[in-house]
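Source file: entry_14.tsv (TSV, C-alpha atoms)
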```
chain	number	residue	atom	x	y	z
A	1	LEU	CA	24.23	146.59	-14.77
A	2	ARG	CA	25.46	144.93	-11.58
A	3	MET	CA	27.56	148.00	-10.75
A	4	ALA	CA	24.64	150.35	-11.49
A	5	ILE	CA	22.35	148.31	-9.22
A	6	THR	CA	24.97	148.51	-6.47
A	7	ASP	CA	25.11	152.29	-7.00
A	8	ALA	CA	21.32	152.44	-6.59
A	9	ILE	CA	21.55	150.72	-3.19
A	10	PHE	CA	24.02	153.31	-1.91
A	11	MET	CA	22.92	156.38	-3.89
A	12	CYS	CA	21.49	156.26	-7.41
A	13	GLY	CA	22.27	154.08	-10.42
A	14	TRP	CA	23.13	155.74	-13.75
A	15	VAL	CA	23.95	154.34	-17.16
A	16	LYS	CA	24.64	156.04	-20.48
A	17	ASP	CA	24.07	154.33	-23.80
A	18	GLY	CA	24.70	155.24	-27.41
A	19	ILE	CA	26.44	154.07	-30.53
A	20	GLY	CA	30.20	154.22	-30.97
A	21	VAL	CA	31.49	156.90	-33.31
A	22	SER	CA	34.96	157.69	-34.57
A	23	GLY	CA	37.09	158.97	-31.72
A	24	GLN	CA	35.29	157.01	-29.02
A	25	THR	CA	37.31	153.86	-29.67
A	26	LEU	CA	40.09	155.43	-27.61
A	27	ASP	CA	40.31	155.38	-23.83
A	28	LEU	CA	37.54	157.71	-22.59
A	29	ASP	CA	37.51	157.12	-18.83
A	30	GLY	CA	38.41	153.49	-19.31
A	31	ALA	CA	35.52	152.67	-21.69
A	32	LEU	CA	36.34	151.20	-25.08
A	33	HIS	CA	33.67	151.65	-27.75
A	34	ASP	CA	33.70	149.91	-31.12
A	35	ILE	CA	32.80	152.14	-34.05
A	36	GLY	CA	29.23	151.55	-35.18
A	37	GLN	CA	28.34	149.31	-32.24
A	38	PRO	CA	25.90	150.16	-29.43
A	39	TYR	CA	27.37	150.56	-25.96
A	40	CYS	CA	26.08	150.94	-22.42
A	41	ASP	CA	28.36	152.41	-19.74
A	42	ARG	CA	27.87	152.69	-16.03
A	43	VAL	CA	28.33	156.31	-14.87
A	44	ASP	CA	29.64	157.08	-11.39
A	45	PRO	CA	26.94	159.03	-9.49
A	46	ASP	CA	29.65	161.50	-8.41
A	47	ASP	CA	30.28	162.31	-12.08
A	48	MET	CA	26.64	163.04	-12.95
A	49	THR	CA	25.32	166.56	-13.44
A	50	VAL	CA	21.54	167.01	-13.57
A	51	ASP	CA	19.29	170.05	-13.83
A	52	PRO	CA	18.74	170.94	-10.13
A	53	LEU	CA	15.41	172.64	-10.82
A	54	ALA	CA	13.81	169.62	-12.46
A	55	ARG	CA	11.33	167.56	-10.46
A	56	THR	CA	11.32	164.57	-12.83
A	57	MET	CA	13.59	163.24	-15.55
A	58	GLU	CA	11.08	164.44	-18.15
A	59	GLU	CA	11.58	168.05	-16.99
A	60	VAL	CA	15.37	168.25	-17.12
A	61	TYR	CA	16.79	171.06	-19.23
A	62	PHE	CA	20.22	169.40	-19.23
A	63	ILE	CA	21.81	166.20	-18.01
A	64	GLY	CA	25.39	165.03	-18.41
A	65	ASN	CA	28.43	163.43	-16.88
A	66	ARG	CA	32.08	164.16	-16.25
A	67	PHE	CA	34.75	161.90	-17.72
A	68	ARG	CA	38.49	161.92	-18.19
A	69	ALA	CA	40.36	161.47	-21.45
A	70	PRO	CA	43.99	161.60	-22.58
A	71	ARG	CA	44.76	164.96	-24.18
A	72	SER	CA	46.54	163.20	-27.05
A	73	SER	CA	43.43	161.13	-27.80
A	74	LEU	CA	41.28	164.24	-28.01
A	75	LEU	CA	43.73	165.88	-30.39
A	76	ASP	CA	44.14	162.78	-32.57
A	77	SER	CA	40.39	162.18	-32.88
A	78	GLY	CA	39.79	165.43	-34.76
A	79	LEU	CA	36.36	165.76	-33.15
A	80	PHE	CA	37.24	168.53	-30.72
A	81	LYS	CA	38.44	172.09	-31.14
A	82	LYS	CA	42.21	171.90	-31.11
A	83	ASP	CA	42.92	175.29	-29.52
A	84	VAL	CA	40.52	174.61	-26.63
A	85	VAL	CA	41.92	171.12	-26.02
A	86	GLU	CA	45.49	172.43	-25.93
A	87	GLY	CA	44.50	175.05	-23.33
A	88	LEU	CA	42.80	172.61	-20.95
A	89	PRO	CA	44.43	172.18	-17.51
A	90	ARG	CA	45.45	168.73	-16.34
A	91	ARG	CA	42.95	167.02	-14.08
A	92	TRP	CA	45.10	167.69	-10.95
A	93	ASP	CA	45.77	171.36	-11.74
A	94	TYR	CA	42.42	172.82	-10.61
A	95	PRO	CA	42.71	175.44	-7.83
A	96	SER	CA	39.79	173.84	-5.97
A	97	TRP	CA	41.74	170.61	-5.55
A	98	PRO	CA	44.76	171.72	-3.45
A	99	GLU	CA	44.74	168.55	-1.35
A	100	VAL	CA	44.77	166.28	-4.41
A	101	THR	CA	47.54	168.37	-5.94
A	102	ARG	CA	49.58	168.10	-2.74
A	103	LEU	CA	49.11	164.35	-2.60
A	104	SER	CA	50.10	163.92	-6.23
A	105	GLN	CA	53.43	165.57	-5.40
A	106	ASN	CA	53.92	163.44	-2.29
A	107	ALA	CA	56.25	160.45	-2.31
A	108	VAL	CA	53.38	158.26	-1.08
A	109	SER	CA	51.49	158.96	-4.31
A	110	GLN	CA	54.40	158.40	-6.67
A	111	ASP	CA	52.21	156.24	-8.92
A	112	TRP	CA	49.98	159.28	-9.59
A	113	VAL	CA	52.99	161.32	-10.62
A	114	GLU	CA	54.25	158.57	-12.91
A	115	GLN	CA	50.80	158.17	-14.48
A	116	GLU	CA	50.53	161.88	-15.15
A	117	ASP	CA	53.98	161.84	-16.71
A	118	LEU	CA	53.04	158.96	-19.02
A	119	VAL	CA	49.48	160.00	-19.89
A	120	GLU	CA	48.27	163.56	-19.57
A	121	TYR	CA	44.59	163.36	-18.64
A	122	VAL	CA	42.04	166.17	-18.79
A	123	ASP	CA	38.51	166.28	-17.38
A	124	LEU	CA	35.55	166.98	-19.66
A	125	VAL	CA	31.76	167.09	-19.30
A	126	GLU	CA	29.35	165.82	-21.93
A	127	VAL	CA	25.87	167.32	-21.62
A	128	TYR	CA	22.65	166.22	-23.33
A	129	LEU	CA	20.09	168.98	-24.01
A	130	PRO	CA	16.67	167.33	-24.58
A	131	GLU	CA	14.89	170.46	-25.80
A	132	GLN	CA	17.55	171.26	-28.41
A	133	GLN	CA	18.22	167.56	-29.15
A	134	ALA	CA	21.93	168.30	-28.95
A	135	VAL	CA	25.00	166.97	-27.17
A	136	VAL	CA	27.78	169.37	-26.18
A	137	THR	CA	31.21	168.68	-24.74
A	138	LEU	CA	32.86	171.29	-22.55
A	139	PRO	CA	35.78	171.43	-20.11
A	140	TYR	CA	35.12	170.46	-16.53
A	141	ASP	CA	35.31	173.67	-14.53
A	142	PRO	CA	34.99	173.20	-10.72
A	143	GLU	CA	35.11	176.98	-10.24
A	144	GLY	CA	31.90	177.45	-12.23
A	145	ALA	CA	33.37	179.94	-14.68
A	146	GLY	CA	32.22	180.05	-18.28
A	147	SER	CA	33.91	177.66	-20.69
A	148	LYS	CA	34.04	177.24	-24.44
A	149	PHE	CA	32.42	174.22	-26.04
A	150	LEU	CA	34.83	171.67	-27.44
A	151	ARG	CA	32.17	170.00	-29.56
A	152	GLU	CA	28.51	170.42	-30.51
A	153	VAL	CA	26.60	167.68	-32.32
A	154	GLU	CA	23.00	166.82	-33.03
A	155	TYR	CA	21.62	164.01	-30.88
A	156	GLU	CA	20.56	161.01	-32.95
A	157	GLY	CA	19.16	158.43	-30.59
A	158	PRO	CA	16.04	157.30	-28.74
A	159	GLU	CA	13.69	160.04	-27.61
A	160	THR	CA	14.26	159.01	-23.98
A	161	GLY	CA	17.84	160.28	-24.23
A	162	PRO	CA	21.16	158.56	-23.51
A	163	TYR	CA	20.88	158.50	-19.69
A	164	HIS	CA	18.84	156.10	-17.57
A	165	GLN	CA	18.35	156.25	-13.81
A	166	LEU	CA	17.70	153.50	-11.27
A	167	GLY	CA	16.32	154.23	-7.82
A	168	PHE	CA	14.41	152.20	-5.24
A	169	SER	CA	12.69	154.75	-2.95
A	170	TRP	CA	11.23	157.77	-4.69
A	171	VAL	CA	10.13	161.06	-3.16
A	172	PRO	CA	7.49	163.19	-4.97
A	173	ASP	CA	8.90	166.16	-6.90
A	174	ASN	CA	12.50	165.10	-6.34
A	175	ILE	CA	14.69	163.90	-9.17
A	176	MET	CA	17.00	161.98	-6.83
A	177	PRO	CA	15.70	158.94	-4.92
A	178	VAL	CA	16.31	158.00	-1.32
A	179	ALA	CA	18.88	155.21	-1.32
A	180	PRO	CA	18.09	152.10	0.77
A	181	ALA	CA	21.49	152.38	2.46
A	182	MET	CA	20.51	155.85	3.70
A	183	ILE	CA	17.53	154.28	5.49
A	184	TRP	CA	19.65	151.50	6.97
A	185	TYR	CA	22.65	153.65	7.87
A	186	ASP	CA	21.71	154.94	11.34
A	187	LEU	CA	20.67	151.53	12.68
A	188	HIS	CA	23.74	149.97	11.09
A	189	MET	CA	26.07	152.45	12.79
A	190	MET	CA	24.28	152.13	16.13
A	191	SER	CA	24.58	148.32	16.07
A	192	ASN	CA	28.25	148.58	15.23
A	193	ARG	CA	28.91	151.03	18.08
A	194	ILE	CA	27.19	148.70	20.55
A	195	ALA	CA	29.09	145.67	19.24
A	196	ARG	CA	32.42	147.52	19.51
A	197	LYS	CA	31.54	148.59	23.07
A	198	ILE	CA	30.77	144.99	24.06
A	199	ALA	CA	34.07	143.90	22.47
A	200	ARG	CA	35.99	146.53	24.45
A	201	GLN	CA	34.30	145.42	27.67
A	202	ALA	CA	35.20	141.79	26.94
A	203	GLU	CA	38.82	142.75	26.25
A	204	ARG	CA	39.03	144.60	29.56
A	205	GLN	CA	37.82	141.59	31.53
A	206	LYS	CA	40.45	140.10	33.86
A	207	SER	CA	40.64	138.00	37.00
A	208	VAL	CA	43.38	138.63	39.60
A	209	LEU	CA	44.30	137.03	42.93
A	210	ALA	CA	44.28	139.61	45.72
A	211	TYR	CA	45.91	138.86	49.09
A	212	GLU	CA	47.10	140.60	52.23
A	213	ALA	CA	50.82	141.17	52.62
A	214	SER	CA	51.12	138.59	55.39
A	215	ALA	CA	49.61	135.89	53.14
A	216	TRP	CA	52.06	136.18	50.26
A	217	GLU	CA	53.40	132.65	50.74
A	218	ASP	CA	49.88	131.19	50.65
A	219	ALA	CA	49.13	133.21	47.48
A	220	ALA	CA	52.30	131.94	45.80
A	221	ASP	CA	51.34	128.35	46.62
A	222	ILE	CA	47.90	128.86	45.11
A	223	VAL	CA	49.33	130.37	41.91
A	224	GLU	CA	51.80	127.49	41.48
A	225	SER	CA	49.21	124.77	42.13
A	226	ASN	CA	47.45	122.91	39.32
A	227	ASP	CA	43.75	122.74	38.72
A	228	GLY	CA	42.01	120.43	41.19
A	229	GLU	CA	44.86	120.28	43.71
A	230	SER	CA	44.42	121.08	47.40
A	231	VAL	CA	46.49	123.86	48.96
A	232	ARG	CA	47.04	124.50	52.67
A	233	VAL	CA	46.71	128.15	53.71
A	234	ASP	CA	46.79	129.82	57.14
A	235	ASP	CA	43.83	132.16	56.55
A	236	VAL	CA	41.62	131.74	53.45
A	237	ASP	CA	39.90	135.08	54.11
A	238	LYS	CA	43.14	136.91	53.38
A	239	ILE	CA	43.12	135.61	49.76
A	240	ARG	CA	40.37	136.32	47.22
A	241	GLU	CA	39.95	136.23	43.45
A	242	ILE	CA	38.65	139.52	42.00
A	243	THR	CA	37.16	139.91	38.51
A	244	PHE	CA	37.14	143.25	36.66
A	245	GLY	CA	35.31	144.36	33.50
A	246	GLY	CA	33.47	141.97	31.22
A	247	ALA	CA	30.62	142.40	28.75
A	248	ARG	CA	27.33	143.34	30.41
A	249	GLU	CA	24.21	141.29	29.78
A	250	ASP	CA	22.09	144.36	29.06
A	251	GLY	CA	24.56	145.25	26.28
A	252	TYR	CA	23.83	141.95	24.52
A	253	ALA	CA	20.08	142.55	24.88
A	254	TYR	CA	20.37	146.05	23.39
A	255	LEU	CA	22.52	144.71	20.52
A	256	GLU	CA	19.93	142.04	19.77
A	257	TRP	CA	17.17	144.68	19.75
A	258	SER	CA	19.12	146.97	17.39
A	259	LYS	CA	19.85	144.05	15.04
A	260	GLN	CA	16.15	143.21	14.95
A	261	GLN	CA	15.26	146.81	14.16
A	262	PHE	CA	17.86	146.87	11.37
A	263	SER	CA	16.46	143.63	9.94
A	264	GLU	CA	12.94	145.09	9.84
A	265	ALA	CA	14.15	148.30	8.21
A	266	ALA	CA	16.16	146.29	5.66
A	267	MET	CA	13.15	144.39	4.29
A	268	ASN	CA	13.03	141.71	7.04
A	269	MET	CA	16.48	140.46	6.20
A	270	ASP	CA	16.31	137.57	8.68
A	271	LEU	CA	13.12	136.18	7.16
A	272	ILE	CA	14.39	136.59	3.60
A	273	SER	CA	17.59	134.72	4.41
A	274	GLY	CA	15.71	132.05	6.38
A	275	ASN	CA	17.70	132.61	9.57
A	276	ARG	CA	14.70	133.21	11.80
A	277	SER	CA	11.34	131.55	11.63
A	278	ASN	CA	9.69	130.97	14.99
A	279	GLU	CA	6.22	130.25	13.64
A	280	PRO	CA	4.60	127.03	14.93
A	281	THR	CA	3.37	125.83	11.52
A	282	ALA	CA	4.84	125.68	8.02
A	283	THR	CA	1.85	127.60	6.61
A	284	GLN	CA	2.39	130.54	8.94
A	285	ALA	CA	6.09	130.58	8.13
A	286	GLU	CA	5.30	130.50	4.40
A	287	LEU	CA	2.89	133.46	4.75
A	288	LEU	CA	5.51	135.49	6.60
A	289	GLN	CA	8.13	134.61	3.99
A	290	ALA	CA	5.80	135.70	1.17
A	291	ASN	CA	4.99	139.01	2.86
A	292	SER	CA	8.64	139.72	3.62
A	293	THR	CA	9.61	139.49	-0.06
A	294	VAL	CA	7.06	142.05	-1.31
A	295	ARG	CA	9.47	144.98	-1.13
A	296	LEU	CA	12.29	142.88	-2.57
A	297	ALA	CA	10.04	141.88	-5.49
A	298	ASP	CA	9.24	145.56	-6.07
A	299	MET	CA	12.96	146.34	-6.24
A	300	GLN	CA	13.41	143.50	-8.72
A	301	ASN	CA	10.63	144.90	-10.91
A	302	LEU	CA	12.31	148.31	-10.86
A	303	VAL	CA	15.53	146.65	-12.05
A	304	TYR	CA	13.61	144.84	-14.81
A	305	ASP	CA	12.07	148.13	-16.00
A	306	PHE	CA	15.50	149.81	-15.87
A	307	THR	CA	17.02	146.99	-17.93
A	308	ALA	CA	14.13	147.06	-20.42
A	309	LYS	CA	14.69	150.78	-21.09
A	310	ILE	CA	18.35	150.11	-21.83
A	311	MET	CA	17.55	147.18	-24.10
A	312	ASN	CA	14.98	149.30	-25.95
A	313	ASP	CA	17.78	151.76	-26.68
A	314	MET	CA	20.06	148.94	-27.84
A	315	MET	CA	17.36	147.69	-30.22
A	316	PHE	CA	16.75	151.24	-31.48
A	317	PHE	CA	20.36	151.49	-32.63
A	318	LEU	CA	20.39	147.98	-34.07
A	319	HIS	CA	17.15	148.62	-35.97
A	320	THR	CA	17.72	152.13	-37.26
A	321	ASP	CA	21.45	152.37	-37.95
A	322	PRO	CA	21.95	152.02	-41.74
A	323	LEU	CA	25.41	150.47	-41.34
A	324	ILE	CA	24.53	147.59	-39.00
A	325	GLU	CA	23.79	144.14	-40.41
A	326	LEU	CA	22.66	141.51	-37.92
A	327	PRO	CA	23.55	137.86	-38.53
A	328	LEU	CA	20.45	135.79	-37.76
A	329	ILE	CA	19.35	132.17	-38.07
A	330	LYS	CA	16.28	131.46	-40.20
A	331	ARG	CA	14.54	128.09	-40.12
A	332	GLU	CA	13.04	126.80	-43.37
A	333	GLN	CA	11.61	123.29	-43.78
A	334	GLY	CA	13.30	122.11	-40.62
A	335	LEU	CA	16.72	123.39	-41.65
A	336	ASP	CA	18.57	126.36	-40.13
A	337	ARG	CA	20.45	128.73	-42.36
A	338	GLN	CA	22.27	131.95	-41.58
A	339	VAL	CA	20.95	135.15	-43.07
A	340	ALA	CA	21.97	138.79	-42.78
A	341	TYR	CA	19.26	141.10	-41.43
A	342	THR	CA	19.97	144.18	-43.52
A	343	PRO	CA	18.67	147.76	-43.25
A	344	GLU	CA	16.63	147.13	-46.44
A	345	MET	CA	14.89	144.16	-44.82
A	346	ARG	CA	14.16	146.19	-41.73
```

Represent the supplied structure as structure tokens.
Amino acid sequence: LRMAITDAIFMCGWVKDGIGVSGQTLDLDGALHDIGQPYCDRVDPDDMTVDPLARTMEEVYFIGNRFRAPRSSLLDSGLFKKDVVEGLPRRWDYPSWPEVTRLSQNAVSQDWVEQEDLVEYVDLVEVYLPEQQAVVTLPYDPEGAGSKFLREVEYEGPETGPYHQLGFSWVPDNIMPVAPAMIWYDLHMMSNRIARKIARQAERQKSVLAYEASAWEDAADIVESNDGESVRVDDVDKIREITFGGAREDGYAYLEWSKQQFSEAAMNMDLISGNRSNEPTATQAELLQANSTVRLADMQNLVYDFTAKIMNDMMFFLHTDPLIELPLIKREQGLDRQVAYTPEMR
């Protein structure tokens, strides 16, 4: 959940839940699923595929995600069509990935080569079809050509489907939200450019002692003298300290302004963190603090709703699966005893 929430700040958070079946206990994109036990996996937003014509999640004709799996695991599971699995290209063999293929053959990426030699991975896509209540698995095809299904099964899960989405800024008739980081990005980059410019100006700052050719002895005496000492010179006007560069004051003022604008765009970050409170009374400061957390509280509520949908799915599997028995504690006459919550009792 923490990773999905982080995804929602930068793009969109996705999770996929279900119940482990035979064949999913093997390494499917790093996720280990126990047979007969509910699971909830975070899905990388880059791996998601969603009906582009849908305006809401309720309208999607299909939704799915890409994942990688060892070819040997697919063959050993017996769930997928053997001839199709054997004909799948390796994940680095796609014509649309020439740069990745080149890097995998480069000495710098020797670990990729060794990994591919040890474990031969292939890329697949699992798609949920709400209208047909079906789940299909097909090869990942970046070229968009037609592909044969590796597996077709009936979907047996909550009516909301296996995928759940978390977003914080929604746009009407758009299935993808606007990420908070997208709103903050421009001000963030502008503040960083100004800060780097001020740093370069400060690094260029230097003070040198300039003197006329005839006063070179006086200049040498000044350089060799210690702080606070008196030095006799023939003509003080022929020697002068000159300063170059240095950070400009208006640069600091502009940086402060851009930081303030970023803080306001990012839900009054300074007030939330308690770094700035210039109000004369505690009551006024408390009112500002309460108002500044309204948007943050709304984001928290969205996370609570997102989590509740996932937990509803978990409880669906625990309550309806005929093979799951839940160990529970029952209190009778002040004593606790362990009981098994069986499908018959449910």

key: Counting all atoms listed in the file, the option among A:Met345, A:Ala8, A:Leu328, A:Ala220 closest to Pro180 in chain A   =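 Of A:Met345, A:Ala8, A:Leu328, A:Ala220, the one nearest Pro180 in chain A, counting all atoms listed in the file, is A:Ala8.
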
key: Coordinates-based distance that separates CA of Val122 in chain A from CA of Arg71 in chain A (Å, one decimal)   =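 Value for the CA of Arg71 in chain A-CA of Val122 in chain A distance: 6.2 Å.
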
message = For a test of reading the model, state the distance in Å between CA of Gly64 in chain A and CA of Tyr128 in chain A, rounded to one decimal.
response =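 Pair CA of Gly64 in chain A / CA of Tyr128 in chain A returns 5.8 Å.
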
task = Determine, counting all atoms listed in the file, which protein, DNA and RNA residues have an atom within 12 Å of an atom of Asn192 in chain A; residues of the same chain fewer than 2 positions away are not included. Present the result as a list in words.
result = Tyr185, Asp186, Leu187, His188, Met189, Met190, Ile194, Ala195, Arg196, Lys197, Ile198, Ala199, Tyr254, Leu255, Glu256, Ser258, Lys259 and Phe262 of chain A

query = Between A:Pro158, A:Gly167, A:Pro327, A:Pro130, which one has atoms that come closest to Met314 in chain A, using only C-alpha atoms?
reply =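 Among the listed residues, A:Pro158 lies closest to Met314 in chain A.
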
task = Kindly provide, as a list in words, the polymer residues lying within 10 Å of (31.0, 149.5, -34.2), counting all atoms listed in the file and using the coordinates exactly as they appear in the file.
result = Ile19, Gly20, Val21, Ser22, Thr25, His33, Asp34, Ile35, Gly36, Gln37, Pro38, Tyr39, Leu323 and Ile324 of chain A

request  = Work out how far CA of Glu224 in chain A is from CA of Arg204 in chain A, in Å to one decimal.
outcome  =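 Pair CA of Arg204 in chain A / CA of Glu224 in chain A returns 24.5 Å.
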
Which centre and edge lengths in Å to one decimal define the box along x, y and z that fits every listed atom of range 171-181 of chain A plus 5 Å per side, as AutoDock Vina command-line options?
```
--center_x 14.5 --center_y 159.1 --center_z -3.4 --size_x 24.0 --size_y 24.1 --size_z 21.6
```

message = Just checking: using all atoms listed in the file, which residue out of A:Val119, A:Ser191, A:Trp14, A:His319 ends up closest to Ser72 in chain A?
response =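 The closest residue to Ser72 in chain A is A:Val119.
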
request  = Select, from A:Ala297, A:Gly157, A:Leu209, A:Val127, the residue with the minimum atom-to-atom distance to Phe316 in chain A, counting all atoms listed in the file.
outcome  = A:Gly157

query = What lies within 8 Å of Lys16 in chain A using only C-alpha atoms, ignoring chain neighbours under 3 positions off, as a ChimeraX atom specification?
reply = /A:40-43,162-164

ask   = From the list A:Ala247, A:Leu129, A:Ala253, A:Ala215, which residue is nearest Asp234 in chain A when using all atoms listed in the file?
value =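 That would be A:Ala215, the residue with the smallest distance to Asp234 in chain A.
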
Using only C-alpha atoms, determine which residues lie at most 12 Å from Met57 in chain A, disregarding the query and same-chain residues fewer than 5 positions distant; provide the list as a PDB file with C-alpha atoms, keeping the file's coordinate frame.
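Final output, selection_14.pdb:
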```pdb
ATOM      1  CA  VAL A  50      21.540 167.010 -13.570  1.00  0.00           C
ATOM      2  CA  ASP A  51      19.290 170.050 -13.830  1.00  0.00           C
ATOM      3  CA  PRO A  52      18.740 170.940 -10.130  1.00  0.00           C
ATOM      4  CA  PHE A  62      20.220 169.400 -19.230  1.00  0.00           C
ATOM      5  CA  ILE A  63      21.810 166.200 -18.010  1.00  0.00           C
ATOM      6  CA  PRO A 130      16.670 167.330 -24.580  1.00  0.00           C
ATOM      7  CA  THR A 160      14.260 159.010 -23.980  1.00  0.00           C
ATOM      8  CA  GLY A 161      17.840 160.280 -24.230  1.00  0.00           C
ATOM      9  CA  PRO A 162      21.160 158.560 -23.510  1.00  0.00           C
ATOM     10  CA  TYR A 163      20.880 158.500 -19.690  1.00  0.00           C
ATOM     11  CA  HIS A 164      18.840 156.100 -17.570  1.00  0.00           C
ATOM     12  CA  GLN A 165      18.350 156.250 -13.810  1.00  0.00           C
ATOM     13  CA  LEU A 166      17.700 153.500 -11.270  1.00  0.00           C
ATOM     14  CA  ASP A 173       8.900 166.160  -6.900  1.00  0.00           C
ATOM     15  CA  ASN A 174      12.500 165.100  -6.340  1.00  0.00           C
ATOM     16  CA  ILE A 175      14.690 163.900  -9.170  1.00  0.00           C
ATOM     17  CA  MET A 176      17.000 161.980  -6.830  1.00  0.00           C
ATOM     18  CA  PRO A 177      15.700 158.940  -4.920  1.00  0.00           C
TER      19      PRO A 177
END
```

ask   = Between A:Ile310, A:Ala179, A:Ala266, A:Val236, which has the minimum distance to Asp17 in chain A (counting only C-alpha atoms)?
value =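 Closest residue, counting only C-alpha atoms: A:Ile310.
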